[in-house]
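Text of the file upload.txt, holding compact mmCIF, C-alpha atoms:
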# COMPACT_ATOMS: atom_id res chain seq x y z
CA MET P 1 96.43 5.32 63.73
CA ASN P 2 95.60 2.54 66.18
CA THR P 3 92.72 0.11 65.78
CA GLU P 4 90.50 1.82 68.31
CA THR P 5 90.83 5.18 66.60
CA THR P 6 90.07 3.57 63.26
CA ARG P 7 86.94 2.01 64.65
CA GLU P 8 85.79 5.33 66.04
CA THR P 9 86.36 7.33 62.88
CA ASP P 10 85.45 4.75 60.26
CA THR P 11 81.72 5.26 60.11
CA ARG P 12 80.93 3.46 56.89
CA PRO P 13 79.67 -0.13 56.68
CA ASP P 14 81.63 -2.57 54.53
CA PRO P 15 80.84 -2.31 50.84
CA LEU P 16 78.11 -4.46 49.31
CA VAL P 17 79.41 -7.32 47.18
CA LEU P 18 76.99 -8.64 44.55
CA GLY P 19 78.37 -11.17 42.08
CA ASP P 20 81.62 -9.74 40.74
CA ARG P 21 80.76 -6.17 41.64
CA THR P 22 81.35 -4.13 44.77
CA PHE P 23 79.13 -1.21 45.68
CA ARG P 24 79.99 1.44 48.24
CA SER P 25 76.41 1.78 49.49
CA ARG P 26 74.02 -0.91 50.68
CA LEU P 27 71.02 1.25 49.90
CA LEU P 28 69.55 0.75 46.42
CA VAL P 29 67.13 3.50 45.41
CA GLY P 30 64.44 3.71 42.75
CA THR P 31 64.03 6.65 40.38
CA GLY P 32 60.24 6.59 40.09
CA LYS P 33 57.57 8.99 41.37
CA TYR P 34 59.70 12.06 42.03
CA SER P 35 58.06 15.42 41.40
CA ASP P 36 60.94 16.48 39.16
CA HIS P 37 64.46 15.49 38.14
CA GLU P 38 66.10 17.99 40.48
CA THR P 39 64.37 16.52 43.53
CA MET P 40 65.25 13.03 42.35
CA ASN P 41 68.93 13.85 41.99
CA ALA P 42 69.07 15.66 45.32
CA ALA P 43 67.39 12.69 47.03
CA LEU P 44 69.69 10.16 45.35
CA ALA P 45 72.70 12.18 46.47
CA ALA P 46 71.36 12.45 50.04
CA SER P 47 70.75 8.69 50.14
CA GLY P 48 74.39 8.00 49.29
CA CYS P 49 73.25 5.23 46.95
CA GLU P 50 75.26 3.90 44.04
CA VAL P 51 72.74 1.49 42.52
CA VAL P 52 69.58 3.10 41.15
CA THR P 53 66.73 1.21 39.54
CA VAL P 54 65.02 2.30 36.35
CA ALA P 55 62.09 0.99 34.30
CA ILE P 56 61.89 0.40 30.55
CA ARG P 57 58.92 1.83 28.72
CA ARG P 58 57.76 2.94 25.29
CA VAL P 59 59.24 6.26 24.24
CA ASP P 60 56.93 9.25 24.57
CA LEU P 61 56.84 10.21 20.90
CA SER P 62 56.05 13.83 21.70
CA SER P 63 58.77 14.50 24.25
CA GLU P 64 62.50 14.95 23.97
CA ASP P 65 62.94 14.65 27.72
CA ASN P 66 64.75 11.50 28.78
CA LEU P 67 65.80 10.20 32.17
CA LEU P 68 69.20 9.17 30.80
CA THR P 69 70.13 12.82 30.39
CA HIS P 70 69.38 13.45 34.07
CA LEU P 71 71.33 10.57 35.63
CA ASP P 72 75.08 10.73 36.09
CA ARG P 73 76.20 7.38 34.71
CA ASP P 74 79.66 7.84 36.23
CA ARG P 75 78.11 8.13 39.67
CA TYR P 76 75.21 5.68 39.52
CA PHE P 77 74.97 2.08 38.43
CA LEU P 78 71.68 1.72 36.54
CA LEU P 79 69.76 -1.42 37.39
CA PRO P 80 66.83 -1.89 34.99
CA ASN P 81 63.75 -3.58 36.35
CA THR P 82 61.01 -5.62 34.71
CA ALA P 83 58.25 -3.82 36.59
CA GLY P 84 54.83 -4.23 35.05
CA CYS P 85 55.54 -7.70 33.65
CA PHE P 86 53.02 -10.36 34.56
CA ASN P 87 54.65 -13.34 32.86
CA ALA P 88 58.15 -14.69 32.28
CA GLU P 89 58.09 -14.02 28.53
CA ASP P 90 57.44 -10.30 28.94
CA ALA P 91 60.07 -9.98 31.65
CA ILE P 92 62.70 -11.71 29.48
CA ARG P 93 61.74 -9.45 26.56
CA VAL P 94 62.35 -6.37 28.72
CA CYS P 95 65.74 -7.73 29.78
CA HIS P 96 66.73 -8.19 26.13
CA LEU P 97 65.70 -4.60 25.39
CA SER P 98 67.67 -3.45 28.40
CA ARG P 99 70.76 -5.15 27.08
CA GLU P 100 70.21 -3.50 23.69
CA LEU P 101 69.86 -0.14 25.47
CA GLY P 102 73.40 -0.62 26.68
CA LEU P 103 72.51 -1.23 30.31
CA GLY P 104 74.46 -4.46 30.47
CA ASP P 105 73.51 -7.80 31.96
CA TRP P 106 72.29 -6.75 35.39
CA VAL P 107 68.55 -6.80 35.92
CA LYS P 108 66.08 -6.55 38.73
CA LEU P 109 63.64 -9.29 37.82
CA GLU P 110 60.05 -8.97 38.89
CA VAL P 111 57.24 -11.08 37.50
CA LEU P 112 54.05 -10.02 39.18
CA GLY P 113 51.06 -12.19 39.85
CA ASP P 114 48.36 -9.78 40.95
CA LYS P 115 47.64 -6.15 40.13
CA GLN P 116 46.22 -5.21 43.50
CA THR P 117 48.87 -6.68 45.76
CA LEU P 118 51.74 -6.58 43.23
CA LEU P 119 52.92 -9.79 44.84
CA PRO P 120 55.24 -11.85 42.67
CA ASP P 121 54.11 -14.82 40.60
CA PRO P 122 56.50 -17.44 42.00
CA ILE P 123 56.28 -19.79 39.00
CA GLY P 124 56.78 -17.07 36.39
CA THR P 125 59.57 -15.56 38.46
CA LEU P 126 61.40 -18.88 38.74
CA ASP P 127 61.00 -19.64 35.02
CA ALA P 128 62.29 -16.21 34.01
CA CYS P 129 65.17 -16.41 36.48
CA LYS P 130 66.37 -19.73 35.06
CA THR P 131 66.21 -18.48 31.47
CA LEU P 132 67.94 -15.20 32.19
CA VAL P 133 70.73 -16.82 34.19
CA ALA P 134 71.29 -19.24 31.28
CA GLU P 135 71.53 -16.23 28.96
CA GLY P 136 74.24 -14.68 31.10
CA PHE P 137 72.19 -12.11 32.97
CA LYS P 138 72.99 -11.21 36.57
CA VAL P 139 69.58 -11.54 38.14
CA LEU P 140 68.55 -9.69 41.29
CA VAL P 141 65.16 -11.21 41.84
CA TYR P 142 62.16 -9.79 43.64
CA SER P 143 60.40 -12.43 45.69
CA SER P 144 57.81 -12.85 48.38
CA ASP P 145 59.07 -13.52 51.90
CA ASP P 146 58.59 -17.28 51.46
CA PRO P 147 61.81 -19.06 52.54
CA VAL P 148 61.21 -22.04 50.24
CA MET P 149 60.78 -19.78 47.21
CA ALA P 150 63.87 -17.83 48.16
CA LEU P 151 65.90 -21.05 48.19
CA ARG P 152 64.50 -22.06 44.80
CA LEU P 153 65.57 -18.72 43.34
CA GLN P 154 69.04 -19.10 44.79
CA ASP P 155 69.25 -22.59 43.27
CA ALA P 156 68.18 -21.08 39.92
CA GLY P 157 71.32 -18.97 39.96
CA ALA P 158 70.09 -15.60 41.21
CA THR P 159 72.85 -13.14 42.06
CA SER P 160 70.67 -11.78 44.86
CA VAL P 161 67.28 -12.74 46.23
CA MET P 162 65.19 -9.74 47.20
CA PRO P 163 62.20 -10.58 49.38
CA ALA P 164 59.56 -7.94 50.02
CA GLY P 165 59.20 -6.58 53.53
CA SER P 166 55.59 -5.81 52.65
CA PRO P 167 53.70 -5.07 49.40
CA ILE P 168 55.36 -2.64 46.96
CA GLY P 169 54.65 0.98 47.85
CA SER P 170 52.55 0.01 50.89
CA GLY P 171 54.84 1.61 53.46
CA GLN P 172 54.03 -1.17 55.92
CA GLY P 173 57.66 -1.95 56.68
CA ILE P 174 58.74 -5.46 57.65
CA LEU P 175 55.63 -7.58 58.13
CA ASN P 176 57.13 -11.02 58.69
CA ARG P 177 60.42 -10.80 60.54
CA ASN P 178 60.39 -14.52 61.19
CA ASN P 179 60.26 -15.46 57.50
CA LEU P 180 62.94 -12.94 56.63
CA ALA P 181 65.15 -14.21 59.45
CA ILE P 182 64.79 -17.75 58.10
CA ILE P 183 65.65 -16.58 54.57
CA LEU P 184 68.66 -14.70 55.84
CA GLU P 185 69.83 -17.73 57.78
CA GLN P 186 69.34 -20.24 54.97
CA LEU P 187 70.57 -18.40 51.88
CA ASP P 188 74.18 -18.03 50.85
CA VAL P 189 73.62 -15.36 48.18
CA PRO P 190 73.17 -11.78 49.37
CA VAL P 191 69.63 -11.00 50.46
CA ILE P 192 68.30 -7.49 49.88
CA ILE P 193 64.96 -6.42 51.34
CA ASP P 194 63.17 -4.94 48.37
CA ALA P 195 59.79 -3.44 49.07
CA GLY P 196 57.39 -1.93 51.55
CA VAL P 197 59.74 0.43 53.38
CA GLY P 198 57.77 3.33 54.84
CA THR P 199 60.28 5.11 57.01
CA ALA P 200 63.83 4.97 58.28
CA SER P 201 63.23 2.52 61.13
CA ASP P 202 62.03 -0.09 58.62
CA VAL P 203 65.44 0.03 56.98
CA THR P 204 67.17 -0.36 60.33
CA ILE P 205 65.02 -3.37 61.21
CA ALA P 206 65.82 -5.01 57.86
CA MET P 207 69.53 -4.50 58.42
CA GLU P 208 69.37 -5.62 62.07
CA LEU P 209 67.79 -8.84 60.86
CA GLY P 210 70.93 -9.36 58.80
CA ALA P 211 70.00 -8.18 55.32
CA GLU P 212 72.87 -7.27 53.03
CA GLY P 213 71.01 -4.22 51.77
CA VAL P 214 67.68 -2.51 51.22
CA LEU P 215 66.04 -1.43 47.96
CA LEU P 216 63.35 1.20 48.18
CA ASN P 217 61.68 3.89 46.10
CA THR P 218 58.33 5.17 47.32
CA GLY P 219 59.52 5.56 50.92
CA ILE P 220 61.79 8.36 49.72
CA ALA P 221 60.03 9.63 46.59
CA GLY P 222 56.62 9.76 48.29
CA ALA P 223 57.77 11.48 51.48
CA GLN P 224 56.79 15.12 51.90
CA ASP P 225 60.47 15.98 52.05
CA PRO P 226 62.21 13.32 49.95
CA ILE P 227 65.69 14.73 50.54
CA SER P 228 65.39 14.59 54.35
CA MET P 229 63.94 11.10 54.10
CA ALA P 230 66.78 9.98 51.83
CA HIS P 231 69.23 11.29 54.41
CA ALA P 232 67.35 9.41 57.13
CA MET P 233 67.32 6.17 55.13
CA ARG P 234 71.07 6.35 54.62
CA HIS P 235 71.79 6.69 58.32
CA ALA P 236 69.12 4.16 59.28
CA LEU P 237 70.82 1.61 57.07
CA ASP P 238 74.21 2.28 58.63
CA ALA P 239 72.66 2.08 62.11
CA GLY P 240 71.13 -1.31 61.38
CA TRP P 241 74.29 -2.65 59.80
CA TYR P 242 76.40 -1.78 62.84
CA ALA P 243 73.76 -2.97 65.32
CA ALA P 244 73.52 -6.32 63.54
CA ARG P 245 77.25 -6.84 64.15
CA ALA P 246 77.43 -5.39 67.66
CA GLY P 247 75.79 -8.28 69.53
CA ARG P 248 72.71 -6.83 71.14
CA ILE P 249 71.75 -7.58 74.74
CA PRO P 250 69.14 -10.25 75.38
CA ARG P 251 65.57 -9.21 76.06
CA ARG P 252 64.58 -9.62 79.73
CA ARG P 253 61.23 -9.43 81.35
CA TYR P 254 62.46 -7.44 84.37
CA ALA P 255 64.73 -4.47 84.83
CA GLN P 256 68.44 -4.78 85.43
CA ALA P 257 70.07 -1.79 87.09
CA SER P 258 72.66 0.06 85.05
CA SER P 259 74.35 1.62 88.08
CA PRO P 260 76.12 -0.34 90.87
CA THR P 261 73.78 -1.78 93.48
CA GLU P 262 76.55 -1.58 96.11
CA GLY P 263 77.52 1.59 97.93
CA VAL P 264 74.14 3.25 97.66
CA LEU P 265 73.91 6.04 100.30
CA GLY P 266 71.86 5.34 103.40
CA GLU P 267 72.32 1.57 103.42
CA MET X 1 48.71 36.99 -18.06
CA ASN X 2 47.08 33.61 -17.54
CA ASP X 3 44.39 32.78 -19.94
CA SER X 4 41.50 31.63 -17.81
CA HIS X 5 40.49 29.23 -20.51
CA GLU X 6 43.85 27.55 -20.60
CA THR X 7 43.97 24.27 -18.69
CA SER X 8 46.94 24.16 -16.34
CA PRO X 9 48.86 20.89 -16.21
CA ILE X 10 48.29 18.83 -13.08
CA THR X 11 51.56 18.46 -11.21
CA PRO X 12 51.94 14.97 -9.78
CA PRO X 13 52.95 14.88 -6.10
CA ILE X 14 56.68 14.47 -5.64
CA THR X 15 56.37 13.02 -2.12
CA PRO X 16 57.02 9.27 -1.96
CA PRO X 17 54.12 6.96 -1.20
CA MET X 18 53.37 6.55 2.49
CA ILE X 19 53.00 3.32 4.40
CA GLU X 20 51.29 2.66 7.70
CA VAL X 21 52.94 0.83 10.58
CA LEU X 22 52.12 0.30 14.23
CA LEU X 23 54.54 2.38 16.31
CA ASN X 24 54.39 1.87 20.06
CA GLY X 25 50.88 0.54 19.69
CA ALA X 26 49.47 3.36 17.55
CA ALA X 27 49.08 3.78 13.78
CA HIS X 28 51.92 5.79 12.28
CA GLN X 29 52.52 6.98 8.72
CA LEU X 30 55.98 7.09 7.25
CA ALA X 31 57.54 7.25 3.81
CA SER X 32 57.88 4.02 1.93
CA GLY X 33 61.48 2.85 2.05
CA SER X 34 62.14 4.37 5.48
CA THR X 35 64.75 2.67 7.61
CA VAL X 36 64.79 2.37 11.38
CA SER X 37 67.38 5.15 11.41
CA SER X 38 65.23 7.51 9.37
CA LEU X 39 62.28 6.80 11.67
CA LEU X 40 64.35 7.55 14.77
CA ASP X 41 65.63 10.76 13.16
CA GLN X 42 62.03 12.01 13.09
CA LEU X 43 61.52 11.42 16.82
CA PRO X 44 62.46 14.07 19.38
CA ILE X 45 64.47 11.63 21.51
CA GLU X 46 68.16 10.92 20.93
CA PRO X 47 68.55 7.71 18.89
CA THR X 48 71.29 6.56 21.27
CA ALA X 49 68.79 6.53 24.16
CA VAL X 50 66.44 3.96 22.64
CA ALA X 51 66.15 0.30 21.76
CA VAL X 52 64.03 -0.87 18.86
CA GLU X 53 61.98 -3.98 18.28
CA ARG X 54 60.53 -4.82 14.87
CA ASN X 55 57.88 -7.52 14.89
CA ARG X 56 59.08 -8.71 18.32
CA GLN X 57 62.69 -8.98 17.15
CA ILE X 58 65.28 -6.56 18.45
CA VAL X 59 66.91 -4.52 15.71
CA PRO X 60 70.51 -4.09 16.89
CA ARG X 61 71.81 -0.56 16.74
CA SER X 62 74.33 -1.60 14.07
CA LEU X 63 71.45 -2.56 11.75
CA HIS X 64 69.27 0.54 12.23
CA SER X 65 70.45 2.21 9.03
CA SER X 66 70.09 -0.89 6.87
CA THR X 67 66.76 -2.18 8.20
CA VAL X 68 63.93 -1.09 5.90
CA ILE X 69 60.54 -0.75 7.54
CA GLU X 70 57.71 -2.51 5.72
CA VAL X 71 54.01 -1.85 5.65
CA GLY X 72 52.22 -3.24 8.68
CA ASP X 73 55.39 -3.66 10.76
CA HIS X 74 54.94 -3.61 14.52
CA LEU X 75 57.62 -1.32 15.91
CA GLU X 76 58.46 -0.72 19.54
CA VAL X 77 60.82 2.07 20.53
CA VAL X 78 61.68 2.00 24.23
CA THR X 79 63.86 3.90 26.63
CA ILE X 80 64.40 4.13 30.37
CA VAL X 81 62.05 5.96 32.72
CA GLY X 82 61.93 6.37 36.46
CA GLY X 83 61.04 3.22 38.32
CA GLY X 84 61.62 1.13 41.42

Now that the file is in, can you turn its structure into structure tokens?
Amino acid sequence: MNTETTRETDTRPDPLVLGDRTFRSRLLVGTGKYSDHETMNAALAASGCEVVTVAIRRVDLSSEDNLLTHLDRDRYFLLPNTAGCFNAEDAIRVCHLSRELGLGDWVKLEVLGDKQTLLPDPIGTLDACKTLVAEGFKVLVYSSDDPVMALRLQDAGATSVMPAGSPIGSGQGILNRNNLAIILEQLDVPVIIDAGVGTASDVTIAMELGAEGVLLNTGIAGAQDPISMAHAMRHALDAGWYAARAGRIPRRRYAQASSPTEGVLGE
Amino acid sequence: MNDSHETSPITPPITPPMIEVLLNGAAHQLASGSTVSSLLDQLPIEPTAVAVERNRQIVPRSLHSSTVIEVGDHLEVVTIVGGG
């Protein structure tokens, strides 16, 4: 098979490398807010994701139902989050419980600063990141789209910095392309756009900007047809990944004819 | 055949004394001398799917059967749920 044929038939982006792990999909998908486990599993499958995020909560003492029995651990890499934590101490506590649950050392760290915006508390996030890295955790850290903060988190040893495109669950897409472009240019660790995705084109924009991946939950789980949206997100990510590497044409103010200007009949 | 005038002996309860702890933020009664394992056995969820904290300290799975719960203990039993 020659190179050209390979390029035509190989329709998968390169795998995502985070720390010492390699993932076949660059889409990371949350497991929250689905109407039922069947829909969740169908949507996860349609998204093609390998990494799925989960939360850690008190056991419902009256129910024997458990998410662990509905997720194929051979197929999905479970990434526990610290959602709902509003200080470093609580987030670290959740990470310790996650380790005890057998979920390993990988965590999605979020330390929130405000209940209405769910924007991260930068100081608590940085403190928790430093502690967790020192304890051997692989920290994928949710951040605002502030380039200075993103650099600080990288310096603290984060495995990935994950700036929000817009507030969690807001569906507003990518609000500050300029900040994200600066983050993507300045950081050496993989950058994953983590929140605010509303529809497929948001994922494409994030990837066209140069993101290594996209993490989303509500955009799929909250759609009227989560399985179709998961399918769309998967292809949108691939589209953005290829476009980012294809060298787009410059924007021009005026038209430039696609067909030859010579040999037009009647001249 | 019982004589109504005969006083029947009072049978003492054979159940062990109960203690009260705080389990996932709510008062919970369990038998004195219970271990973390015996507590988990009473819950509907699989013990392998949970992590346990006792008074803010994680009780490693290997110590569940030897850790005796004491009156007033604050216990947290957590598992994974859907989340982003």

Counting all atoms listed in the file, the option among P:Asp60, P:Glu110, P:Asp202, P:Glu267 closest to X:Gly84: P:Glu110

Which value, in Å to one decimal, gives the distance between atom CA of P:Thr159 and atom CA of P:Cys95?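 Value for the atom CA of P:Thr159-atom CA of P:Cys95 distance: 15.2 Å.
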
Contacts of P:Thr125 within 9 Å, all atoms listed in the file, excl. fewer than 3 positions in-chain, as a PyMOL selection string: chain P and resi 87-88+91+109-112+120-122+128-130+141-143+153

Just the selected residues (C-alpha atoms), exported as a PDB file, in the frame of the given file, please.
ATOM      1  CA  ASN P  87      54.650 -13.340  32.860  1.00  0.00           C
ATOM      2  CA  ALA P  88      58.150 -14.690  32.280  1.00  0.00           C
ATOM      3  CA  ALA P  91      60.070  -9.980  31.650  1.00  0.00           C
ATOM      4  CA  LEU P 109      63.640  -9.290  37.820  1.00  0.00           C
ATOM      5  CA  GLU P 110      60.050  -8.970  38.890  1.00  0.00           C
ATOM      6  CA  VAL P 111      57.240 -11.080  37.500  1.00  0.00           C
ATOM      7  CA  LEU P 112      54.050 -10.020  39.180  1.00  0.00           C
ATOM      8  CA  PRO P 120      55.240 -11.850  42.670  1.00  0.00           C
ATOM      9  CA  ASP P 121      54.110 -14.820  40.600  1.00  0.00           C
ATOM     10  CA  PRO P 122      56.500 -17.440  42.000  1.00  0.00           C
ATOM     11  CA  ALA P 128      62.290 -16.210  34.010  1.00  0.00           C
ATOM     12  CA  CYS P 129      65.170 -16.410  36.480  1.00  0.00           C
ATOM     13  CA  LYS P 130      66.370 -19.730  35.060  1.00  0.00           C
ATOM     14  CA  VAL P 141      65.160 -11.210  41.840  1.00  0.00           C
ATOM     15  CA  TYR P 142      62.160  -9.790  43.640  1.00  0.00           C
ATOM     16  CA  SER P 143      60.400 -12.430  45.690  1.00  0.00           C
ATOM     17  CA  LEU P 153      65.570 -18.720  43.340  1.00  0.00           C
TER      18      LEU P 153
END

Tell me the residues of chain X close to chain P, meaning within 9 Å using all atoms listed in the file, as a list in words.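 Residues passing the distance filter: Asn24, Leu43, Pro44, Ile45, Glu46, Thr48, Ala49, Val50, Ala51, Val52, Glu53, Arg56, Ile58, Val59, Pro60, Arg61, Glu76, Val77, Val78, Thr79, Ile80, Val81, Gly82, Gly83 and Gly84 of chain X.
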
Would you save the residues from that selection as a compact mmCIF listing (two decimals), in the coordinates of the input, using C-alpha atoms?
# COMPACT_ATOMS: atom_id res chain seq x y z
CA ASN X 24 54.39 1.87 20.06
CA LEU X 43 61.52 11.42 16.82
CA PRO X 44 62.46 14.07 19.38
CA ILE X 45 64.47 11.63 21.51
CA GLU X 46 68.16 10.92 20.93
CA THR X 48 71.29 6.56 21.27
CA ALA X 49 68.79 6.53 24.16
CA VAL X 50 66.44 3.96 22.64
CA ALA X 51 66.15 0.30 21.76
CA VAL X 52 64.03 -0.87 18.86
CA GLU X 53 61.98 -3.98 18.28
CA ARG X 56 59.08 -8.71 18.32
CA ILE X 58 65.28 -6.56 18.45
CA VAL X 59 66.91 -4.52 15.71
CA PRO X 60 70.51 -4.09 16.89
CA ARG X 61 71.81 -0.56 16.74
CA GLU X 76 58.46 -0.72 19.54
CA VAL X 77 60.82 2.07 20.53
CA VAL X 78 61.68 2.00 24.23
CA THR X 79 63.86 3.90 26.63
CA ILE X 80 64.40 4.13 30.37
CA VAL X 81 62.05 5.96 32.72
CA GLY X 82 61.93 6.37 36.46
CA GLY X 83 61.04 3.22 38.32
CA GLY X 84 61.62 1.13 41.42

One decimal, Å: what's the distance from atom CA of P:Ile182 over to atom CA of P:Met149, could you say? 11.8 Å

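The coordinates place atom CA of P:Gly213 at 10.1 Å from atom CA of P:Pro15.
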
Excluding P:Asp20 and residues on its chain fewer than 4 positions from it, collect all residues at most 12 Å away from it, counting all atoms listed in the file, and give them as number ranges by chain. P: 16, 106, 138, 159-160

With a distance cut-off of 10 Å and only C-alpha atoms, select the neighbouring residues of stretch 27-34 of chain X, excluding the residue or stretch itself and same-chain residues fewer than 3 positions from it, and output the selection as a list in words.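 Listed by chain and then number, they are Thr15, Pro16, Pro17, Met18, Ile19, Glu20, Val21, Leu22, Leu23, Asn24, Ser37, Ser38, Leu39, Gln42, Ser65, Ser66, Thr67, Val68, Ile69, Glu70, Val71, Gly72, His74 and Leu75 of chain X.
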
Quick one: what's the axis-aligned box for stretch 239-250 of chain P, all listed atoms, 8 Å on every side, centre and edges in Å to one decimal, as AutoDock Vina command-line options?
--center_x 73.3 --center_y -4.1 --center_z 67.6 --size_x 24.3 --size_y 28.3 --size_z 31.6
